[in-house]
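Structure record follows, encoded as structure tokens.
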Amino acid sequence: MDLAQAKVALDTLWVVVAACLVFFMNAGFATLETGLCQSKNAVNILAKNFIVFAVASIAFWAVGFGLMFGNGTPFVGLTGWFLGGVDNSPATGDAYQGAFTSLNWTGVPLMAKFFFQLVFAGTAATIVSGAVAERIKFLSFIVFSFILVAVIYPVGGHWAWGGGWLSVAGFKDFAGSTVVHSIGGWAALAGVMILGPRLGKYGKDGRINAIPAHNMALATIGTFILWLGWFGFNPGSTMAADVNAISLVALNTNMAAAAGCLAATATAWILLGKPDFSMILNGTLAGLVAVTAPCAFITVPASVTIGAIAGVLVVFAVLMFDKLKLDDPVGALSVHLVNGVWGTLATGLFAIDGGLFYGKGAALFITQIKGVLAIGAFTFLASAVAWYALKFTIGIRVSPEEEMEGLDVGEHGMQAYVGISSSSSTLGAPSASTT
Amino acid sequence: MDLAQAKVALDTLWVVVAACLVFFMNAGFATLETGLCQSKNAVNILAKNFIVFAVASIAFWAVGFGLMFGNGTPFVGLTGWFLGGVDNSPATGDAYQGAFTSLNWTGVPLMAKFFFQLVFAGTAATIVSGAVAERIKFLSFIVFSFILVAVIYPVGGHWAWGGGWLSVAGFKDFAGSTVVHSIGGWAALAGVMILGPRLGKYGKDGRINAIPAHNMALATIGTFILWLGWFGFNPGSTMAADVNAISLVALNTNMAAAAGCLAATATAWILLGKPDFSMILNGTLAGLVAVTAPCAFITVPASVTIGAIAGVLVVFAVLMFDKLKLDDPVGALSVHLVNGVWGTLATGLFAIDGGLFYGKGAALFITQIKGVLAIGAFTFLASAVAWYALKFTIGIRVSPEEEMEGLDVGEHGMQAYVGISSSSSTLGAPSASTT
Amino acid sequence: MDLAQAKVALDTLWVVVAACLVFFMNAGFATLETGLCQSKNAVNILAKNFIVFAVASIAFWAVGFGLMFGNGTPFVGLTGWFLGGVDNSPATGDAYQGAFTSLNWTGVPLMAKFFFQLVFAGTAATIVSGAVAERIKFLSFIVFSFILVAVIYPVGGHWAWGGGWLSVAGFKDFAGSTVVHSIGGWAALAGVMILGPRLGKYGKDGRINAIPAHNMALATIGTFILWLGWFGFNPGSTMAADVNAISLVALNTNMAAAAGCLAATATAWILLGKPDFSMILNGTLAGLVAVTAPCAFITVPASVTIGAIAGVLVVFAVLMFDKLKLDDPVGALSVHLVNGVWGTLATGLFAIDGGLFYGKGAALFITQIKGVLAIGAFTFLASAVAWYALKFTIGIRVSPEEEMEGLDVGEHGMQAYVGISSSSSTLGAPSASTT
């Protein structure tokens, strides 16, 4: 082994370990979203969030990765389907020769590059799942996810990360507040609008009916897993064992999460009278989403500030979407869309290099706005086309009868929980403090 | 630090991190198996899957590791009890002097070698747990697990991985489709046959009664953890920071899982009319088990193919075992035994170097068949002897009364769930979308 | 990259990955503690264990880290608030110039040092949560946690790890049996005494009423996550890619856990008549806590011995605390306080270098006793002051009505589980073994 090989080994180990952490976020989304929905739809949500990564794996391998990172035009990549074509990774910079020039800045084997980018692509699709939960047909969700990961996400991603026109324009999105989270959020928004709200959510008298979460333990497990996974998501986006960047990004990620958590707690306490636990969880995620774009470009105090603002935003956003009768059972729009946008804009404000607040003028901030609008408009429109195409072919919404009964029986012929209720709590079951 | 030390450090970090991922699979098996069984036996299954790794740790340290990797005969290792004896790890190749020559290809400290191999040994034992669940005595399971990890698994493992006769013959099993999964599966099969089915599972009129899974959220968490753990299991089996192998193996592992998931979903949908969620989960695991042997020797498209076939196989296998009245509550035989065999044979077909489909003749394929048969016959017979010995001494099956009431109260004096049922869902509990 | 940079990269990757594992222990404590308590308080315990890491992040960043590792007196650090001040990390030894000289032995960036130490600080606070569960006010817990992480933990930590008087005296606590676990335990003990027991726990006739755990699946997940996290906690405390130390510590950690598990199982089986599952779980944690101080200084057989003794101790300790009417719903005192003390003393007995059992005299053992007493006395007194201050200002205990109804509704206005009970288990839900 020589020093160059040692560097490739260090970089690759880091990328693979980080990818594993991000992969595990699938478990986080599955449990969080399921916990926040109703018991009668739990199997369906679990199944959607489970199969979606399998769908994403095939879609991104076949088409998405080439479209996103392949050599091509400013708008789309055109090489590298099924990971095919020439590639001399881990060569970097000008020494790299192959189908994926836009990734020539990271010196790891091609399959490690793909694995890491795949787990990101999968994340975008899982975000949609929660927003459209409790009423979407299983098959339609699968097909939409395929389209999202094969085409929509990669095109938006190509603009920002694949050497496309936004990256040329100087758009900054370190780990994907826009590329991953707001793309997922815009696709979800289109779905929510076209699907309509759950039956009974909005009364004819204008009343908004709370539909309570069914399992907060599950939701908590999910949020912890997501917080953990973000230590792969953000620091892993170095795609190299760059120790200063990794350390800074890891800490910024954590501090924004903490600030988002506390700010959402306080906001909910003041606004709703109690520290609503789902707000505590979503506030943390809001901080994480918001810091995803700027995490490598800002100081620790800036992370705390960005996270705290995210925590406030998410509470108001949840209330706002309900006012707008956009029914999002898990708060995915408030977390991923609103704070994906906020984090991207915050980069233009707080970036040490180029940020408005550092006296570097508004150029970066304006570029950030452009990126938010361009990717938002494209994703929303493309998603709407896909949702409508599904609506008028295989249909996207289950029958009202199935929705009332629950999708678990209707879509899967099973229940999530069987025989759990213990009629008697008087059994002398030993606790930790056995007598 | 010099370059040689840097290589040892890279290799060791990778091995330790991968071992941690594999260790976590214990949590995956525990939650998957418990979720797929009945509520009244949940504590018992959790306790079995928890204590089994403690048992395995002691058994493999005292006896198993020496029997498996110690210097000895083609059939059994005979040095290194309690990790004793000379050892100059991390020296490799001819420079290595010590009790575990068969592991001289990996340049990490002895304790790291042991730790990694221990988590593999533990896996074999956990596989048995699910198949014999809901009727086995707690103590008998503990004793059988000790025997399996101390003796049976190491002997089979010695043949293939410990420098024994199968490894000399050219048998290929990269990460253990045979050594870990089918050994666990054969041991489980013997247990299932000798224990007999759960009461009421097979009616006198030939009817097969479905006994529904009690907690699909738990089962989903388990499967996600297992998928994650497999990124330690397969890529970690390099036992070195070999970046190309790690990247290829990680990706092959994932693609086989994805293909298994989708193929099982489609097969179940066609065969059973609905996308049964437990089939989706087990299809994923089937793909993972099948790709475990060949993952380092094949291309990505081959992984997709092998995984897809595994996903179909597992659905038919579940139906077949029920037809044969072999009662396996969690599908462990279908996942680990059937697909452990399939993956081992697939290696003889798809291996770039030696595979039948690559025009390299049938030599490797025939060796693979030999390995499957030899290890299968040994494991099944040795396990049967152990099960019978237990049956005629301490007994292996709980009383019918205890089985009806549930093993949680009978074996542990407690219930898994107390007071969870909320009589009222009309409480104005705030959801994520609070009004 | 040169060799020195490669070393920094290796060390940093290890520290960051280990920190992620330790961070995940928050999820472990949350699920373990919640599972062992009652359903009606589940949201509250989850919320406490979730928000506590956010609180710890801010407290340790602002004050705690400077107090613990900053340059100062033998009793307290006085530099480095908000990570400020000079720092030329990753320089080590005499080459290091900066505010945190006591950490000059680890060659990683400052932010990596902080991130790793932060997840340790968070652990101490989560330990308290379980002991005071089911009766403490949410806000009081938040404020106490802030005080603990900002002031109490750092002062005790400074003495042992921050260059303070105990470290000068030769006190050995590799990964924190005393610094983390017993500090958490002493703070919890003060809280338990000042709060008083849960209503109905101790009858007027002297009867001890068992209050059964509500969700053993949750408790099991938690314990598995903690076991996993300990592979970051102990081996990560090398804070360097020191392969021999990492391998030894990882293995010692595991073997003590296994021995603690089996010893507690046997003890509970003999004493209580059945292998109580919460004892199995707590026995494992007891072994882990006990081996935390000595893990880098002892042999594998010594780890097994220390862990086995811990497993016995924890069972008797649980019974003892109940006799003393110290109501600790999850056994945190028995696990973390009793075995934190045991592990620290065991270091004086079993350490190869300095241990009494190795014929090295009683000097180290006596120093260990001094450390246990000094840190115990300080933590208990400081915590008692903090608890009393809270008691006489915002109050620390919820009303009896709220306690009876459950803290979930009282503190958070929601329930943990809604609509989970399936009235019918006769639905033909497909199991893994579908007919």
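Note on naming: chains are A, B, ... as they come in the structure tokens, residues start from 1 per chain, ligands start from 1 in the order shown.
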
Problem set entry | Surrounding residues of C:Phe174 excluding itself and chain neighbours under 6 positions, 12 Å, only C-alpha atoms, as a PyMOL selection string | chain C and resi 160-161+167+180+233-239+245+249+253+289-298+340+343-344+347+351

Using only N, CA, C and O atoms, please write the residues we just selected to a file, as a compact mmCIF listing (two decimals), in the first residue's frame.
```
# COMPACT_ATOMS: atom_id res chain seq x y z
N ALA C 160 -11.31 13.86 36.95
CA ALA C 160 -10.79 12.58 36.49
C ALA C 160 -10.20 12.62 35.09
O ALA C 160 -9.24 11.92 34.78
N TRP C 161 -10.80 13.41 34.21
CA TRP C 161 -10.39 13.38 32.80
C TRP C 161 -9.87 14.72 32.29
O TRP C 161 -9.30 14.78 31.19
N SER C 167 -6.96 12.89 38.35
CA SER C 167 -6.13 12.34 37.28
C SER C 167 -4.65 12.45 37.66
O SER C 167 -3.87 11.55 37.37
N VAL C 180 -19.06 8.82 33.88
CA VAL C 180 -20.37 8.92 33.24
C VAL C 180 -21.45 8.20 34.06
O VAL C 180 -22.44 8.79 34.45
N PHE C 233 -18.74 3.52 22.79
CA PHE C 233 -18.43 4.12 24.09
C PHE C 233 -17.05 3.69 24.61
O PHE C 233 -16.21 4.54 24.94
N ASN C 234 -16.82 2.41 24.70
CA ASN C 234 -15.56 1.93 25.26
C ASN C 234 -14.41 1.93 24.25
O ASN C 234 -13.39 2.59 24.49
N PRO C 235 -14.51 1.24 23.14
CA PRO C 235 -13.38 1.28 22.19
C PRO C 235 -13.14 2.68 21.65
O PRO C 235 -11.99 3.03 21.35
N GLY C 236 -14.18 3.49 21.53
CA GLY C 236 -14.00 4.85 21.03
C GLY C 236 -13.23 5.73 21.98
O GLY C 236 -12.64 6.74 21.56
N SER C 237 -13.19 5.35 23.26
CA SER C 237 -12.49 6.16 24.24
C SER C 237 -10.97 6.14 24.05
O SER C 237 -10.26 6.88 24.73
N THR C 238 -10.49 5.30 23.14
CA THR C 238 -9.10 5.44 22.70
C THR C 238 -8.90 6.81 22.06
O THR C 238 -7.81 7.34 22.08
N MET C 239 -9.95 7.32 21.44
CA MET C 239 -9.90 8.57 20.65
C MET C 239 -8.73 8.54 19.66
O MET C 239 -8.17 9.59 19.30
N ALA C 245 -5.59 -1.61 21.18
CA ALA C 245 -6.50 -1.18 22.24
C ALA C 245 -7.95 -1.33 21.81
O ALA C 245 -8.79 -1.85 22.55
N VAL C 249 -10.47 -3.74 23.78
CA VAL C 249 -11.58 -3.10 24.49
C VAL C 249 -12.93 -3.58 23.93
O VAL C 249 -13.86 -3.84 24.68
N THR C 253 -15.48 -5.56 26.28
CA THR C 253 -16.82 -5.01 26.45
C THR C 253 -17.86 -6.08 26.20
O THR C 253 -18.81 -6.26 26.97
N VAL C 289 -21.61 -1.61 32.14
CA VAL C 289 -21.21 -0.49 32.99
C VAL C 289 -19.95 -0.83 33.77
O VAL C 289 -19.02 -0.02 33.86
N ALA C 290 -19.92 -2.06 34.31
CA ALA C 290 -18.79 -2.43 35.16
C ALA C 290 -17.47 -2.48 34.39
O ALA C 290 -16.42 -2.14 34.90
N VAL C 291 -17.52 -2.94 33.15
CA VAL C 291 -16.28 -3.08 32.39
C VAL C 291 -15.84 -1.76 31.76
O VAL C 291 -14.74 -1.68 31.20
N THR C 292 -16.64 -0.74 31.89
CA THR C 292 -16.34 0.53 31.24
C THR C 292 -15.06 1.19 31.79
O THR C 292 -14.26 1.72 31.02
N ALA C 293 -14.86 1.14 33.08
CA ALA C 293 -13.62 1.70 33.63
C ALA C 293 -12.40 0.85 33.30
O ALA C 293 -11.38 1.36 32.85
N PRO C 294 -12.45 -0.46 33.50
CA PRO C 294 -11.22 -1.24 33.34
C PRO C 294 -10.95 -1.79 31.94
O PRO C 294 -9.88 -2.37 31.72
N CYS C 295 -11.85 -1.61 30.99
CA CYS C 295 -11.80 -2.39 29.75
C CYS C 295 -10.47 -2.35 29.01
O CYS C 295 -10.13 -3.31 28.30
N ALA C 296 -9.71 -1.29 29.13
CA ALA C 296 -8.45 -1.20 28.40
C ALA C 296 -7.27 -1.72 29.20
O ALA C 296 -6.15 -1.79 28.70
N PHE C 297 -7.52 -2.08 30.46
CA PHE C 297 -6.41 -2.40 31.37
C PHE C 297 -6.39 -3.86 31.78
O PHE C 297 -5.53 -4.26 32.58
N ILE C 298 -7.34 -4.67 31.29
CA ILE C 298 -7.51 -6.02 31.83
C ILE C 298 -7.53 -7.07 30.73
O ILE C 298 -7.63 -6.75 29.55
N GLY C 340 -21.31 1.09 38.33
CA GLY C 340 -20.29 2.10 38.06
C GLY C 340 -19.24 2.08 39.16
O GLY C 340 -18.03 2.13 38.89
N GLY C 343 -17.25 -1.34 38.88
CA GLY C 343 -16.27 -1.34 37.79
C GLY C 343 -15.05 -0.50 38.12
O GLY C 343 -13.91 -0.86 37.77
N THR C 344 -15.28 0.60 38.81
CA THR C 344 -14.15 1.47 39.17
C THR C 344 -13.25 0.78 40.18
O THR C 344 -12.01 0.83 40.07
N THR C 347 -11.20 -2.07 38.67
CA THR C 347 -9.99 -1.62 37.98
C THR C 347 -8.79 -1.71 38.91
O THR C 347 -7.69 -2.09 38.49
N ALA C 351 -6.53 -4.59 37.09
CA ALA C 351 -5.65 -3.94 36.11
C ALA C 351 -4.32 -4.67 36.05
O ALA C 351 -3.68 -4.90 37.08
```

List every residue of chain C that has an atom at most 8 Å from any atom of chain B, giving for each one its closest atom pair and the distance in Å to one decimal, counting only C-alpha atoms, sorted by chain and then by ascending residue number, as a tab-separated table.
```
residue	atom	partner	partner_atom	distance
C:Leu3	CA	B:Asp2	CA	6.9
C:Ala4	CA	B:Met1	CA	7.6
C:Ala6	CA	B:Ala6	CA	7.5
C:Lys7	CA	B:Met1	CA	7.1
C:Leu10	CA	B:Leu10	CA	7.2
C:Trp14	CA	B:Leu13	CA	7.1
C:Gln38	CA	B:Gly419	CA	7.7
C:Ser39	CA	B:Ile420	CA	5.8
C:Pro212	CA	B:Val418	CA	7.2
C:Ala213	CA	B:Val418	CA	6.9
C:His214	CA	B:Val418	CA	4.4
C:Asn215	CA	B:Tyr417	CA	4.7
C:Met216	CA	B:Ala416	CA	4.9
C:Ala217	CA	B:Ala416	CA	6.8
C:Thr220	CA	B:Leu46	CA	6.9
C:Ile221	CA	B:Ala27	CA	6.4
C:Phe224	CA	B:Ala27	CA	5.8
C:Ile225	CA	B:Phe24	CA	7.6
C:Leu228	CA	B:Phe24	CA	6.5
C:Phe231	CA	B:Cys20	CA	7.1
C:Ala241	CA	B:Ala9	CA	6.3
C:Asp242	CA	B:Ala9	CA	7.3
C:Val243	CA	B:Ala9	CA	5.9
C:Asn244	CA	B:Pro109	CA	6.3
C:Ser247	CA	B:Ala112	CA	5.0
C:Leu248	CA	B:Met111	CA	6.1
C:Ala250	CA	B:Phe115	CA	7.8
C:Leu251	CA	B:Phe115	CA	6.2
C:Asn254	CA	B:Ser57	CA	7.8
C:Met255	CA	B:Ser57	CA	6.7
C:Ala257	CA	B:Ala54	CA	7.4
C:Ala258	CA	B:Ala54	CA	4.1
C:Ala259	CA	B:Ala54	CA	7.0
C:Cys261	CA	B:Ala54	CA	6.6
C:Leu262	CA	B:Ala54	CA	6.8
C:Lys274	CA	B:His412	CA	5.5
C:Pro275	CA	B:His412	CA	5.7
C:Asp276	CA	B:His412	CA	5.5
C:Phe277	CA	B:Ala47	CA	6.3
C:Ile280	CA	B:Ile51	CA	7.6
C:Gly413	CA	B:Ala429	CA	6.1
C:Met414	CA	B:Ala429	CA	4.3
C:Gln415	CA	B:Ala429	CA	6.5
C:Tyr417	CA	B:Ser422	CA	6.5
C:Val418	CA	B:Ser425	CA	5.7
C:Gly419	CA	B:Ser425	CA	6.0
C:Ile420	CA	B:Ser421	CA	5.9
C:Ser421	CA	B:Ser421	CA	5.0
C:Ser425	CA	B:Pro212	CA	7.8
C:Gly428	CA	B:Ala210	CA	7.1
C:Ala429	CA	B:Pro212	CA	5.4
C:Pro430	CA	B:Pro212	CA	5.8
C:Ser431	CA	B:Pro212	CA	4.6
C:Ala432	CA	B:Val330	CA	5.4
C:Ser433	CA	B:Val318	CA	5.8
C:Thr434	CA	B:Ala210	CA	5.9
C:Thr435	CA	B:Ile208	CA	5.8
```

If you run DSSP on this backbone, which residues of stretch 65-207 of chain C come out as strand (DSSP E or B), and could you give them as a compact mmCIF listing (two decimals) with N, CA and C atoms, in the first residue's frame?
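selection_32.txt was written with the following content:
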```txt
# COMPACT_ATOMS: atom_id res chain seq x y z
N GLY C 72 -7.31 25.31 33.57
CA GLY C 72 -7.82 25.95 34.78
C GLY C 72 -7.11 25.45 36.01
N GLY C 77 -12.17 23.64 35.00
CA GLY C 77 -11.62 24.29 33.82
C GLY C 77 -12.20 25.68 33.66
N ASP C 87 -6.85 27.28 19.60
CA ASP C 87 -6.75 25.82 19.55
C ASP C 87 -6.10 25.41 18.26
N GLY C 98 -3.49 25.68 23.15
CA GLY C 98 -4.90 26.04 23.11
C GLY C 98 -5.59 25.93 24.44
N ILE C 136 -41.98 12.90 37.63
CA ILE C 136 -41.30 14.20 37.59
C ILE C 136 -41.95 15.12 36.57
N TYR C 202 -45.16 1.54 47.40
CA TYR C 202 -44.89 0.92 48.69
C TYR C 202 -46.13 1.03 49.57
```

B:Phe75: which residues within 8 Å, counting only C-alpha atoms, same-chain residues fewer than 6 positions away excluded, as a PDB file with N, CA, C and O atoms, in the first residue's frame?
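What landed in out-v5.pdb:
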```pdb
ATOM      1  N   VAL B 155     -17.418 -26.889  13.389  1.00  0.00           N
ATOM      2  CA  VAL B 155     -16.919 -28.017  12.582  1.00  0.00           C
ATOM      3  C   VAL B 155     -17.254 -27.791  11.107  1.00  0.00           C
ATOM      4  O   VAL B 155     -16.378 -27.869  10.236  1.00  0.00           O
ATOM      5  N   HIS B 158     -15.136 -25.052   9.911  1.00  0.00           N
ATOM      6  CA  HIS B 158     -13.733 -25.433   9.710  1.00  0.00           C
ATOM      7  C   HIS B 158     -13.524 -26.013   8.310  1.00  0.00           C
ATOM      8  O   HIS B 158     -12.522 -25.720   7.648  1.00  0.00           O
ATOM      9  N   TRP B 159     -14.481 -26.832   7.891  1.00  0.00           N
ATOM     10  CA  TRP B 159     -14.349 -27.437   6.559  1.00  0.00           C
ATOM     11  C   TRP B 159     -14.230 -26.385   5.462  1.00  0.00           C
ATOM     12  O   TRP B 159     -13.416 -26.491   4.561  1.00  0.00           O
ATOM     13  N   GLY B 164     -10.103 -26.468   6.197  1.00  0.00           N
ATOM     14  CA  GLY B 164     -10.517 -27.869   6.114  1.00  0.00           C
ATOM     15  C   GLY B 164     -10.643 -28.379   4.690  1.00  0.00           C
ATOM     16  O   GLY B 164     -10.293 -27.697   3.718  1.00  0.00           O
ATOM     17  N   TRP B 165     -11.176 -29.585   4.574  1.00  0.00           N
ATOM     18  CA  TRP B 165     -11.159 -30.284   3.292  1.00  0.00           C
ATOM     19  C   TRP B 165     -11.970 -29.584   2.198  1.00  0.00           C
ATOM     20  O   TRP B 165     -11.615 -29.629   1.026  1.00  0.00           O
TER      21      TRP B 165
END
```

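Atom pair atom CA of A:Phe29 / atom CA of A:Leu337 has a distance of 15.4 Å (rounded to one decimal).
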
Exercise. Out of stretch 46-253 of chain C, which residues get helix (DSSP H, G or I) from DSSP, as a ChimeraX atom specification?
Worked result: /C:46-69,81-83,93-95,101-103,110-131,138-161,165-168,177-195,216-233,235-238,243-253

Would you mind exporting C-alpha atoms of the selected residues as a compact mmCIF listing (two decimals), in the first residue's frame?
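Below you can see selection.txt, which holds the result:
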```
# COMPACT_ATOMS: atom_id res chain seq x y z
CA LEU C 46 -39.87 9.33 25.37
CA ALA C 47 -40.07 13.11 25.30
CA LYS C 48 -37.68 13.46 28.25
CA ASN C 49 -35.14 11.10 26.75
CA PHE C 50 -35.44 12.80 23.40
CA ILE C 51 -35.15 16.41 24.44
CA VAL C 52 -32.40 15.69 26.94
CA PHE C 53 -29.79 15.37 24.21
CA ALA C 54 -30.83 18.69 22.71
CA VAL C 55 -30.51 20.26 26.14
CA ALA C 56 -27.16 18.58 26.67
CA SER C 57 -25.89 19.81 23.29
CA ILE C 58 -26.51 23.43 24.18
CA ALA C 59 -25.36 23.12 27.80
CA PHE C 60 -22.12 21.32 27.02
CA TRP C 61 -21.31 23.63 24.13
CA ALA C 62 -21.92 26.80 26.12
CA VAL C 63 -20.40 25.88 29.46
CA GLY C 64 -19.77 22.21 30.15
CA PHE C 65 -16.94 21.45 27.78
CA GLY C 66 -14.89 24.41 28.99
CA LEU C 67 -15.52 23.55 32.61
CA MET C 68 -14.49 19.95 32.03
CA PHE C 69 -11.56 20.12 29.62
CA TRP C 81 -16.80 28.62 26.57
CA PHE C 82 -18.78 28.08 23.36
CA LEU C 83 -15.74 26.28 21.94
CA GLY C 93 1.43 16.75 23.22
CA ASP C 94 3.67 19.74 23.68
CA ALA C 95 2.92 20.89 20.15
CA THR C 101 -4.67 21.10 27.07
CA SER C 102 -6.14 18.13 28.92
CA LEU C 103 -7.19 16.65 25.57
CA LEU C 110 -11.33 20.19 18.10
CA MET C 111 -14.85 19.74 16.81
CA ALA C 112 -14.41 15.97 16.73
CA LYS C 113 -13.13 16.06 20.32
CA PHE C 114 -16.17 18.06 21.35
CA PHE C 115 -18.63 15.88 19.45
CA PHE C 116 -17.29 12.73 21.10
CA GLN C 117 -17.29 14.23 24.58
CA LEU C 118 -20.76 15.67 24.03
CA VAL C 119 -22.33 12.28 23.43
CA PHE C 120 -20.75 11.12 26.67
CA ALA C 121 -22.15 14.06 28.57
CA GLY C 122 -25.57 13.33 27.14
CA THR C 123 -25.41 9.80 28.47
CA ALA C 124 -25.01 10.93 32.06
CA ALA C 125 -28.24 12.92 31.79
CA THR C 126 -30.27 10.13 30.22
CA ILE C 127 -29.43 7.87 33.17
CA VAL C 128 -31.29 10.19 35.50
CA SER C 129 -34.39 10.12 33.34
CA GLY C 130 -35.29 6.51 34.05
CA ALA C 131 -34.86 6.69 37.80
CA PHE C 138 -41.24 17.74 32.35
CA LEU C 139 -39.88 21.25 32.81
CA SER C 140 -38.03 20.37 36.01
CA PHE C 141 -36.33 17.48 34.29
CA ILE C 142 -35.21 19.77 31.48
CA VAL C 143 -33.78 22.32 33.90
CA PHE C 144 -32.04 19.67 36.01
CA SER C 145 -30.53 18.12 32.91
CA PHE C 146 -29.18 21.50 31.87
CA ILE C 147 -27.55 21.96 35.28
CA LEU C 148 -26.16 18.45 35.29
CA VAL C 149 -24.56 18.73 31.86
CA ALA C 150 -23.48 22.33 32.19
CA VAL C 151 -21.97 22.13 35.67
CA ILE C 152 -22.12 18.97 37.76
CA TYR C 153 -20.93 16.38 35.23
CA PRO C 154 -18.15 18.65 33.92
CA VAL C 155 -16.75 19.38 37.37
CA GLY C 156 -16.58 15.71 38.34
CA GLY C 157 -15.28 14.96 34.86
CA HIS C 158 -12.60 17.62 35.16
CA TRP C 159 -11.19 15.93 38.24
CA ALA C 160 -10.79 12.58 36.49
CA TRP C 161 -10.39 13.38 32.80
CA TRP C 165 -6.59 16.42 40.98
CA LEU C 166 -7.87 12.84 40.59
CA SER C 167 -6.13 12.34 37.28
CA VAL C 168 -2.92 13.64 38.83
CA SER C 177 -17.78 3.79 34.95
CA THR C 178 -17.42 6.62 37.41
CA VAL C 179 -17.28 9.72 35.27
CA VAL C 180 -20.37 8.92 33.24
CA HIS C 181 -22.32 6.11 34.87
CA SER C 182 -21.92 6.73 38.55
CA ILE C 183 -22.23 10.49 38.12
CA GLY C 184 -25.53 9.82 36.38
CA GLY C 185 -26.37 7.35 39.12
CA TRP C 186 -25.60 9.66 42.05
CA ALA C 187 -27.59 12.48 40.46
CA ALA C 188 -30.44 10.02 40.00
CA LEU C 189 -30.21 8.80 43.59
CA ALA C 190 -30.57 12.35 44.88
CA GLY C 191 -33.57 12.80 42.63
CA VAL C 192 -35.19 9.56 43.73
CA MET C 193 -34.79 10.46 47.41
CA ILE C 194 -36.10 13.98 47.07
CA LEU C 195 -38.95 13.08 44.71
CA MET C 216 -40.83 -5.57 26.66
CA ALA C 217 -40.24 -5.39 22.91
CA LEU C 218 -39.36 -1.73 23.33
CA ALA C 219 -37.13 -2.55 26.29
CA THR C 220 -35.33 -5.22 24.27
CA ILE C 221 -34.71 -2.92 21.33
CA GLY C 222 -33.30 -0.43 23.79
CA THR C 223 -30.90 -2.86 25.37
CA PHE C 224 -29.62 -4.09 22.02
CA ILE C 225 -29.02 -0.49 20.96
CA LEU C 226 -27.16 0.17 24.20
CA TRP C 227 -24.99 -2.92 23.76
CA LEU C 228 -24.21 -1.74 20.23
CA GLY C 229 -23.56 1.79 21.40
CA TRP C 230 -21.09 0.53 23.98
CA PHE C 231 -18.86 -0.59 21.10
CA GLY C 232 -18.47 3.12 20.44
CA PHE C 233 -18.43 4.12 24.09
CA PRO C 235 -13.38 1.28 22.19
CA GLY C 236 -14.00 4.85 21.03
CA SER C 237 -12.49 6.16 24.24
CA THR C 238 -9.10 5.44 22.70
CA VAL C 243 -5.78 -1.09 16.79
CA ASN C 244 -4.65 -3.24 19.68
CA ALA C 245 -6.50 -1.18 22.24
CA ILE C 246 -9.64 -1.00 20.12
CA SER C 247 -9.70 -4.76 19.54
CA LEU C 248 -9.07 -5.62 23.18
CA VAL C 249 -11.58 -3.10 24.49
CA ALA C 250 -14.28 -4.17 22.04
CA LEU C 251 -13.87 -7.80 23.02
CA ASN C 252 -13.68 -7.09 26.75
CA THR C 253 -16.82 -5.01 26.45
```

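Taking atom CA of C:Ala362 as the reference point, atom CA of C:Leu333 is found at 27.5 Å.
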
Seminar exercise, completed: As a check of understanding: the span from atom CA of C:Gly70 to atom CA of C:Ala386 is 23.5 Å
